[in-house]
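Presented below is the structure to which this report refers.
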Amino acid sequence: MISVRLPKEMEARIEELAKATRRPKSFFVREALASYLEDMEDYYEALKRQNDKERNLISIEELERALDVSTED
């Protein structure tokens, strides 16, 4: 269980949204937190991969040849 203090304005916004949608305030807090955590996990995974010295990169031209596609007209 986590207890969080929110700024009054944010709490009021959640309250209004909860009333308008007839959903509990906790629903919106969970949804927002889940989305944020997903974004942060993706961000840190990208950083980890970016800094991986053993990553295997290819150029866009190599990718196009491998897929037999071209972005040129």
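Starting from 1 in every chain, residues are counted up; chains themselves are A, B, ... following the order of the structure tokens, and ligands are numbered from 1 as listed.
Excluding range 16-30 of chain A itself and same-chain residues fewer than 6 positions from it, the residues having an atom within 12 Å of it are Ile2, Ser3, Val4, Arg5, Leu6, Glu9, Met10, Tyr36 and Leu37 of chain A, counting only C-alpha atoms.
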* To one decimal place, how far is CA of Pro7 in chain A from CA of Asp42 in chain A in Å? ->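 These two atoms are separated by 27.3 Å.
Here CA of Glu38 in chain A and CA of Asp52 in chain A stand 21.1 Å from one another.
CA of Ser59 in chain A sits 13.2 Å away from CA of Thr71 in chain A.
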* To do: Using backbone DSSP assignments, extract all helix (DSSP H, G or I) residues from chain A; output them as a PyMOL selection string.
  => chain A and resi 8-21+25-50+60-67
